[in-house]
Amino acid sequence: ALIDKGNHRHFMQKEIYEQPVVVAQTLSSYLRTLEAKVALPDMEFDLGSVERVAIVACGTASYVGAIGKYWLEQMARVPVEVDVASEFRYREPVLGPNTLGLVISQSGETADTLAALRHMKSEGVTTAGIINVPTSSMAREVDLLLPTHAGPEIGVASTKAFTCQLAVMAALAANIARAKGKLSDADEAVLVKHLAEVPAAMNAALAHDAEIEGMAHTIAGARDVLYLGRGPDYPLALEGALKLKEISYIHAEGYAAGEMKHGPIALIDESVPVIVIAPSGPLFDKTVSNMQEVQARGGKVVLISDSEGLAQAGEGALATIEMPKVHPLIAPLVYAVPVQLLAYHVAVVKGTDVDQPRNLAKSVTVE
Ligand code: G6P
């Protein structure tokens with residue numbers, strides 16, 4: 001079937017808007033809501049024996065891995081390492097016997113990731129893959145295929161594949177945790193409830209589209225933009241910066257909020273917008289104090305938080321974007337939406353080729 005943009009101006013916009021549906025679609029094959037269980041496809045190995053996880057991916061998918069590291073270590077208490085695929089093989093990684101190798105890829109064809117997968121297999125490592133294209137090379141070669149059901153993604157800058165990958169990553173983390181005796185039935189039920197709420201929360205996030213469009217004009221005039229986050233929202237800050245770079249060509253950097261004082265704070269003045277991703281929760285106060293360091297130097301803050309967070313710290317921000325209140329664990333899935341919309345609208349203001357940004361390819365099949 002031909003894929004068209006429907007009522008949308010760009011595929012990227014359409015794909016951002018599809019997220020509540022495709023994330024629900026993806027979750028439906030991993031959640032057994034009636035039994036309050038998270039399930040995976042059948043596999044020929046025991047997840048309880050996993051002692052380490054080595055995650056390899058490129059680009060946006062690598063940030064799913066970085067978020068997954070927080071989740072896997074917190075929930076399952078297994079050490080996780082995350083590499084971009086182009087570095088993985090050549091650093092001669094030490095892959096112990098009970099390592100699970102995990103590749104994440106929308107296309108399933110990215111050359112570096114495929115080569116990393118083959119390297120892991122040649123070292124005798126059991127592999128799994130979070131992959132969107134079920135007929136791809138990686139999908140055929142992994143020991144355990146964990147499909148995302150995002151549907152075809154046409155926009156070169158990944159959006160819906162990212163959030164679907166996160167949904168599957170959460171399901172994998174929960175299953176390893178349960179297999180290792182680290183996730184009680186009660187905790188699993190809570191997790192299922194939170195994950196099942198994601199599509200509705202994404203819809204609530206999408207409702208702020210017009211506001212975000214309104215701030216795009218200010219951001220479009222900037223030369224540099226910083227994104228800050230903590231915990232699982234730190235890799236989301238990296239993804240926010242990547243999205244903006246890819247499609248608007250504005251220089252952007254993501255930083256762990258607490259690391260800002262070790263360098264990037266030197267860049268801050270009135271001309272640098274700083275996007276702060278900070279759901280209320282245990283890390284909120286720390287992030288707010290980093291945000292205040294920015295404000296004290298004249299930096300223009302866009303604070304993305306929930307009503308509680310905005311009531312506490314929204315004053316003095318250039319702009320705020322209110323997200324629904326969600327559990328900190330699933331926040332990256334929901335907060336991805338305003339981050340993507342912001343990049344999208346800035347690119348539209350700048351008049352770039354949103355779906356086919358210069359110099360980029362949807363699937364990179366050379367090393
Ligand atoms: C390209 C795309 C990115 C994508 C990356 C990895 O660089 O432009 O959007 O994140 O490849 O692609 P994959 O298909 O492996 O997820």
# chains A, B, ... in the order shown; residues from 1 in each chain; ligands from 1
>>> residues_near_ligand(ligand="ligand 1", cutoff="7 Å", atoms="only C-alpha atoms and all ligand atoms", output="count of residues only")
21
>>> residues_around(residues="Gly129 (chain A)", least_positions_apart="2", cutoff="9 Å", atoms="only C-alpha atoms", output="compact mmCIF listing (two decimals) with N, CA and C atoms, in the first residue's frame")
# COMPACT_ATOMS: atom_id res chain seq x y z
N GLY A 101 23.61 -10.03 24.40
CA GLY A 101 23.91 -8.95 23.45
C GLY A 101 22.60 -8.43 22.88
N LEU A 102 22.40 -7.13 22.96
CA LEU A 102 21.13 -6.56 22.49
C LEU A 102 21.40 -5.50 21.43
N VAL A 103 20.85 -5.70 20.25
CA VAL A 103 20.93 -4.65 19.22
C VAL A 103 19.56 -3.98 19.12
N ILE A 104 19.59 -2.69 18.81
CA ILE A 104 18.35 -1.93 18.65
C ILE A 104 18.44 -1.21 17.31
N SER A 105 17.45 -1.40 16.47
CA SER A 105 17.51 -0.78 15.14
C SER A 105 16.12 -0.70 14.52
N GLY A 108 16.94 -2.44 10.93
CA GLY A 108 17.53 -3.78 10.98
C GLY A 108 18.64 -3.98 9.97
N LEU A 117 26.42 -7.09 15.69
CA LEU A 117 25.62 -8.29 15.98
C LEU A 117 26.39 -9.55 15.57
N THR A 127 21.99 -13.42 21.54
CA THR A 127 21.61 -12.07 21.12
C THR A 127 20.09 -11.88 21.06
N ILE A 131 13.71 -4.54 16.94
CA ILE A 131 13.81 -4.20 15.51
C ILE A 131 12.42 -3.93 14.93
N MET A 138 19.01 -8.05 10.48
CA MET A 138 19.16 -8.25 11.94
C MET A 138 18.03 -9.10 12.50
N ALA A 139 16.81 -8.85 12.01
CA ALA A 139 15.66 -9.62 12.51
C ALA A 139 15.86 -11.10 12.26
N GLU A 141 18.81 -12.60 12.00
CA GLU A 141 20.03 -13.16 12.60
C GLU A 141 20.04 -13.21 14.13
N VAL A 142 19.18 -12.43 14.79
CA VAL A 142 19.19 -12.45 16.27
C VAL A 142 18.59 -13.77 16.79
N ASP A 143 19.02 -14.16 17.98
CA ASP A 143 18.43 -15.36 18.60
C ASP A 143 17.01 -15.07 19.06
N LEU A 144 16.78 -13.86 19.54
CA LEU A 144 15.45 -13.50 20.03
C LEU A 144 15.02 -12.18 19.42
N LEU A 145 14.00 -12.23 18.58
CA LEU A 145 13.49 -11.01 17.95
C LEU A 145 12.40 -10.40 18.82
N LEU A 146 12.62 -9.14 19.18
CA LEU A 146 11.62 -8.40 19.96
C LEU A 146 11.10 -7.30 19.04
N PRO A 147 10.01 -7.55 18.33
CA PRO A 147 9.58 -6.58 17.32
C PRO A 147 8.96 -5.32 17.92
>>> select_by_dssp(residues="region 59-293 of chain A", states="alpha helix (DSSP H)", output="VMD selection string")
chain A and resid 59 to 76 85 to 88 111 to 122 137 to 141 160 to 179 185 to 196 198 to 206 209 to 220 233 to 248 284 to 293
>>> select_by_dssp(residues="region 67-263 of chain A", states="strand (DSSP E)", output="PyMOL selection string")
chain A and resi 80-84+99-105+126-131+144-147+224-229+251-256
>>> write_last_selection(atoms="N, CA and C atoms", output="JSON list (two decimals), in the first residue's frame")
[["chain", "number", "residue", "atom", "x", "y", "z"],
["A", 80, "VAL", "N", 24.98, -3.13, 32.81],
["A", 80, "VAL", "CA", 24.70, -2.92, 31.39],
["A", 80, "VAL", "C", 25.77, -2.02, 30.80],
["A", 81, "GLU", "N", 26.24, -2.35, 29.62],
["A", 81, "GLU", "CA", 27.07, -1.39, 28.90],
["A", 81, "GLU", "C", 26.41, -1.06, 27.58],
["A", 82, "VAL", "N", 26.58, 0.18, 27.18],
["A", 82, "VAL", "CA", 25.95, 0.65, 25.94],
["A", 82, "VAL", "C", 27.05, 1.21, 25.05],
["A", 83, "ASP", "N", 27.09, 0.76, 23.82],
["A", 83, "ASP", "CA", 28.07, 1.29, 22.86],
["A", 83, "ASP", "C", 27.37, 1.74, 21.60],
["A", 84, "VAL", "N", 27.92, 2.79, 20.98],
["A", 84, "VAL", "CA", 27.53, 3.04, 19.60],
["A", 84, "VAL", "C", 28.25, 1.97, 18.77],
["A", 99, "THR", "N", 26.55, -13.04, 29.07],
["A", 99, "THR", "CA", 26.17, -11.73, 28.54],
["A", 99, "THR", "C", 25.05, -11.90, 27.52],
["A", 100, "LEU", "N", 24.05, -11.04, 27.62],
["A", 100, "LEU", "CA", 23.04, -10.96, 26.56],
["A", 100, "LEU", "C", 23.42, -9.77, 25.68],
["A", 101, "GLY", "N", 23.61, -10.03, 24.40],
["A", 101, "GLY", "CA", 23.91, -8.95, 23.45],
["A", 101, "GLY", "C", 22.60, -8.43, 22.88],
["A", 102, "LEU", "N", 22.40, -7.13, 22.96],
["A", 102, "LEU", "CA", 21.13, -6.56, 22.49],
["A", 102, "LEU", "C", 21.40, -5.50, 21.43],
["A", 103, "VAL", "N", 20.85, -5.70, 20.25],
["A", 103, "VAL", "CA", 20.93, -4.65, 19.22],
["A", 103, "VAL", "C", 19.56, -3.98, 19.12],
["A", 104, "ILE", "N", 19.59, -2.69, 18.81],
["A", 104, "ILE", "CA", 18.35, -1.93, 18.65],
["A", 104, "ILE", "C", 18.44, -1.21, 17.31],
["A", 105, "SER", "N", 17.45, -1.40, 16.47],
["A", 105, "SER", "CA", 17.51, -0.78, 15.14],
["A", 105, "SER", "C", 16.12, -0.70, 14.52],
["A", 126, "THR", "N", 24.70, -14.87, 23.24],
["A", 126, "THR", "CA", 23.28, -14.96, 22.90],
["A", 126, "THR", "C", 22.77, -13.55, 22.60],
["A", 127, "THR", "N", 21.99, -13.42, 21.54],
["A", 127, "THR", "CA", 21.61, -12.07, 21.12],
["A", 127, "THR", "C", 20.09, -11.88, 21.06],
["A", 128, "ALA", "N", 19.70, -10.64, 21.28],
["A", 128, "ALA", "CA", 18.30, -10.25, 21.10],
["A", 128, "ALA", "C", 18.31, -8.96, 20.29],
["A", 129, "GLY", "N", 17.22, -8.66, 19.64],
["A", 129, "GLY", "CA", 17.15, -7.44, 18.84],
["A", 129, "GLY", "C", 15.79, -6.78, 18.94],
["A", 130, "ILE", "N", 15.80, -5.49, 19.23],
["A", 130, "ILE", "CA", 14.57, -4.70, 19.20],
["A", 130, "ILE", "C", 14.55, -4.04, 17.82],
["A", 131, "ILE", "N", 13.71, -4.54, 16.94],
["A", 131, "ILE", "CA", 13.81, -4.20, 15.51],
["A", 131, "ILE", "C", 12.42, -3.93, 14.93],
["A", 144, "LEU", "N", 16.78, -13.86, 19.54],
["A", 144, "LEU", "CA", 15.45, -13.50, 20.03],
["A", 144, "LEU", "C", 15.02, -12.18, 19.42],
["A", 145, "LEU", "N", 14.00, -12.23, 18.58],
["A", 145, "LEU", "CA", 13.49, -11.01, 17.95],
["A", 145, "LEU", "C", 12.40, -10.40, 18.82],
["A", 146, "LEU", "N", 12.62, -9.14, 19.18],
["A", 146, "LEU", "CA", 11.62, -8.40, 19.96],
["A", 146, "LEU", "C", 11.10, -7.30, 19.04],
["A", 147, "PRO", "N", 10.01, -7.55, 18.33],
["A", 147, "PRO", "CA", 9.58, -6.58, 17.32],
["A", 147, "PRO", "C", 8.96, -5.32, 17.92],
["A", 224, "ASP", "N", 23.00, 28.18, 19.18],
["A", 224, "ASP", "CA", 23.25, 26.96, 19.96],
["A", 224, "ASP", "C", 22.08, 26.74, 20.92],
["A", 225, "VAL", "N", 21.76, 25.49, 21.14],
["A", 225, "VAL", "CA", 20.72, 25.13, 22.10],
["A", 225, "VAL", "C", 21.24, 24.00, 22.98],
["A", 226, "LEU", "N", 21.00, 24.11, 24.28],
["A", 226, "LEU", "CA", 21.39, 23.02, 25.20],
["A", 226, "LEU", "C", 20.16, 22.29, 25.69],
["A", 227, "TYR", "N", 20.29, 21.00, 25.89],
["A", 227, "TYR", "CA", 19.22, 20.17, 26.48],
["A", 227, "TYR", "C", 19.78, 19.54, 27.74],
["A", 228, "LEU", "N", 19.05, 19.64, 28.83],
["A", 228, "LEU", "CA", 19.50, 19.05, 30.09],
["A", 228, "LEU", "C", 18.48, 18.06, 30.63],
["A", 229, "GLY", "N", 18.99, 16.98, 31.21],
["A", 229, "GLY", "CA", 18.12, 16.01, 31.88],
["A", 229, "GLY", "C", 18.96, 15.20, 32.85],
["A", 251, "HIS", "N", 23.09, 24.03, 15.99],
["A", 251, "HIS", "CA", 23.98, 23.28, 16.87],
["A", 251, "HIS", "C", 23.31, 23.07, 18.22],
["A", 252, "ALA", "N", 23.25, 21.82, 18.66],
["A", 252, "ALA", "CA", 22.61, 21.53, 19.94],
["A", 252, "ALA", "C", 23.40, 20.46, 20.66],
["A", 253, "GLU", "N", 23.40, 20.52, 21.97],
["A", 253, "GLU", "CA", 24.08, 19.51, 22.78],
["A", 253, "GLU", "C", 23.20, 19.08, 23.93],
["A", 254, "GLY", "N", 23.23, 17.81, 24.20],
["A", 254, "GLY", "CA", 22.55, 17.30, 25.39],
["A", 254, "GLY", "C", 23.57, 17.08, 26.48],
["A", 255, "TYR", "N", 23.18, 17.40, 27.71],
["A", 255, "TYR", "CA", 24.10, 17.23, 28.84],
["A", 255, "TYR", "C", 23.36, 16.65, 30.03],
["A", 256, "ALA", "N", 24.05, 15.86, 30.82],
["A", 256, "ALA", "CA", 23.52, 15.48, 32.12],
["A", 256, "ALA", "C", 23.46, 16.77, 32.93]]
>>> closest_residue(among="A:Val348, A:Val38, A:Ile16, A:Ile304", to="Thr163 (chain A)", atoms="only C-alpha atoms")
A:Ile16
>>> closest_residue(among="A:Phe284, A:Asn359, A:Gly68, A:Gln340", to="Gln165 (chain A)", atoms="only C-alpha atoms")
A:Gly68
>>> atom_distance(atom1="CA of Pro332 (chain A)", atom2="CA of Ser307 (chain A)")
16.7 Å
>>> closest_residue(among="A:Ala266, A:Leu310, A:Leu244, A:Val23", to="Leu341 (chain A)", atoms="only C-alpha atoms")
A:Leu244
>>> closest_residue(among="A:Thr26, A:Gln292, A:Ser271, A:Ser137", to="Met169 (chain A)", atoms="only C-alpha atoms")
A:Thr26
>>> decode(residues="region 150-232 of chain A", atoms="C-alpha atoms", output="PDB file, in the first residue's frame")
ATOM      1  CA  ALA A 150       5.755   1.223  14.637  1.00  0.00           C
ATOM      2  CA  GLY A 151       4.850   0.591  10.981  1.00  0.00           C
ATOM      3  CA  PRO A 152       6.993   2.068   8.202  1.00  0.00           C
ATOM      4  CA  GLU A 153       8.922   5.153   9.312  1.00  0.00           C
ATOM      5  CA  ILE A 154       9.557   7.484   6.366  1.00  0.00           C
ATOM      6  CA  GLY A 155      10.957  10.636   8.002  1.00  0.00           C
ATOM      7  CA  VAL A 156      14.738  10.300   8.152  1.00  0.00           C
ATOM      8  CA  ALA A 157      14.779  11.566  11.753  1.00  0.00           C
ATOM      9  CA  SER A 158      13.413   8.743  13.872  1.00  0.00           C
ATOM     10  CA  THR A 159      10.403   9.481  16.111  1.00  0.00           C
ATOM     11  CA  LYS A 160       7.808   6.747  16.462  1.00  0.00           C
ATOM     12  CA  ALA A 161      10.417   3.983  16.179  1.00  0.00           C
ATOM     13  CA  PHE A 162      12.183   5.549  19.195  1.00  0.00           C
ATOM     14  CA  THR A 163       9.176   5.456  21.516  1.00  0.00           C
ATOM     15  CA  CYS A 164       8.172   1.969  20.349  1.00  0.00           C
ATOM     16  CA  GLN A 165      11.735   0.790  21.022  1.00  0.00           C
ATOM     17  CA  LEU A 166      11.474   2.252  24.532  1.00  0.00           C
ATOM     18  CA  ALA A 167       8.222   0.370  25.127  1.00  0.00           C
ATOM     19  CA  VAL A 168       9.897  -2.921  24.184  1.00  0.00           C
ATOM     20  CA  MET A 169      12.981  -2.053  26.215  1.00  0.00           C
ATOM     21  CA  ALA A 170      10.795  -1.614  29.303  1.00  0.00           C
ATOM     22  CA  ALA A 171       9.197  -5.006  28.623  1.00  0.00           C
ATOM     23  CA  LEU A 172      12.617  -6.646  28.300  1.00  0.00           C
ATOM     24  CA  ALA A 173      13.903  -5.019  31.496  1.00  0.00           C
ATOM     25  CA  ALA A 174      10.842  -6.237  33.392  1.00  0.00           C
ATOM     26  CA  ASN A 175      11.245  -9.784  32.074  1.00  0.00           C
ATOM     27  CA  ILE A 176      14.917  -9.993  32.995  1.00  0.00           C
ATOM     28  CA  ALA A 177      14.078  -8.544  36.406  1.00  0.00           C
ATOM     29  CA  ARG A 178      11.351 -11.099  36.986  1.00  0.00           C
ATOM     30  CA  ALA A 179      13.513 -13.991  35.782  1.00  0.00           C
ATOM     31  CA  LYS A 180      16.200 -12.908  38.244  1.00  0.00           C
ATOM     32  CA  GLY A 181      13.747 -12.693  41.128  1.00  0.00           C
ATOM     33  CA  LYS A 182      14.019  -8.908  41.344  1.00  0.00           C
ATOM     34  CA  LEU A 183      10.467  -8.001  40.346  1.00  0.00           C
ATOM     35  CA  SER A 184       7.591  -8.940  42.626  1.00  0.00           C
ATOM     36  CA  ASP A 185       4.124  -9.619  41.243  1.00  0.00           C
ATOM     37  CA  ALA A 186       2.942  -6.411  42.881  1.00  0.00           C
ATOM     38  CA  ASP A 187       5.719  -4.342  41.294  1.00  0.00           C
ATOM     39  CA  GLU A 188       5.060  -5.954  37.937  1.00  0.00           C
ATOM     40  CA  ALA A 189       1.374  -5.052  38.205  1.00  0.00           C
ATOM     41  CA  VAL A 190       2.308  -1.430  38.919  1.00  0.00           C
ATOM     42  CA  LEU A 191       4.661  -1.366  35.949  1.00  0.00           C
ATOM     43  CA  VAL A 192       1.972  -2.814  33.657  1.00  0.00           C
ATOM     44  CA  LYS A 193      -0.415  -0.122  34.833  1.00  0.00           C
ATOM     45  CA  HIS A 194       2.109   2.664  34.162  1.00  0.00           C
ATOM     46  CA  LEU A 195       3.011   1.317  30.718  1.00  0.00           C
ATOM     47  CA  ALA A 196      -0.644   0.925  29.771  1.00  0.00           C
ATOM     48  CA  GLU A 197      -1.116   4.620  30.569  1.00  0.00           C
ATOM     49  CA  VAL A 198       1.570   5.751  28.125  1.00  0.00           C
ATOM     50  CA  PRO A 199      -0.605   6.145  24.991  1.00  0.00           C
ATOM     51  CA  ALA A 200      -3.106   8.387  26.790  1.00  0.00           C
ATOM     52  CA  ALA A 201      -0.269  10.412  28.318  1.00  0.00           C
ATOM     53  CA  MET A 202       1.237  10.826  24.840  1.00  0.00           C
ATOM     54  CA  ASN A 203      -2.092  12.163  23.614  1.00  0.00           C
ATOM     55  CA  ALA A 204      -2.085  14.665  26.456  1.00  0.00           C
ATOM     56  CA  ALA A 205       1.452  15.676  25.455  1.00  0.00           C
ATOM     57  CA  LEU A 206       0.393  16.123  21.809  1.00  0.00           C
ATOM     58  CA  ALA A 207      -2.304  18.534  22.942  1.00  0.00           C
ATOM     59  CA  HIS A 208       0.481  21.086  23.582  1.00  0.00           C
ATOM     60  CA  ASP A 209       1.488  21.167  19.934  1.00  0.00           C
ATOM     61  CA  ALA A 210       0.217  24.700  19.229  1.00  0.00           C
ATOM     62  CA  GLU A 211       2.083  26.126  22.241  1.00  0.00           C
ATOM     63  CA  ILE A 212       5.289  24.425  21.173  1.00  0.00           C
ATOM     64  CA  GLU A 213       4.828  25.765  17.653  1.00  0.00           C
ATOM     65  CA  GLY A 214       4.542  29.212  19.219  1.00  0.00           C
ATOM     66  CA  MET A 215       7.948  28.946  20.891  1.00  0.00           C
ATOM     67  CA  ALA A 216       9.642  27.576  17.788  1.00  0.00           C
ATOM     68  CA  HIS A 217      10.219  31.102  16.450  1.00  0.00           C
ATOM     69  CA  THR A 218      12.372  32.030  19.439  1.00  0.00           C
ATOM     70  CA  ILE A 219      14.415  28.831  19.256  1.00  0.00           C
ATOM     71  CA  ALA A 220      14.816  29.099  15.479  1.00  0.00           C
ATOM     72  CA  GLY A 221      16.856  32.272  15.945  1.00  0.00           C
ATOM     73  CA  ALA A 222      19.413  30.616  18.240  1.00  0.00           C
ATOM     74  CA  ARG A 223      22.861  29.524  17.183  1.00  0.00           C
ATOM     75  CA  ASP A 224      23.251  26.961  19.962  1.00  0.00           C
ATOM     76  CA  VAL A 225      20.717  25.130  22.104  1.00  0.00           C
ATOM     77  CA  LEU A 226      21.390  23.022  25.198  1.00  0.00           C
ATOM     78  CA  TYR A 227      19.223  20.171  26.475  1.00  0.00           C
ATOM     79  CA  LEU A 228      19.503  19.054  30.087  1.00  0.00           C
ATOM     80  CA  GLY A 229      18.120  16.012  31.879  1.00  0.00           C
ATOM     81  CA  ARG A 230      18.958  13.611  34.693  1.00  0.00           C
ATOM     82  CA  GLY A 231      18.626   9.843  35.056  1.00  0.00           C
ATOM     83  CA  PRO A 232      16.680   8.279  32.175  1.00  0.00           C
TER      84      PRO A 232
END
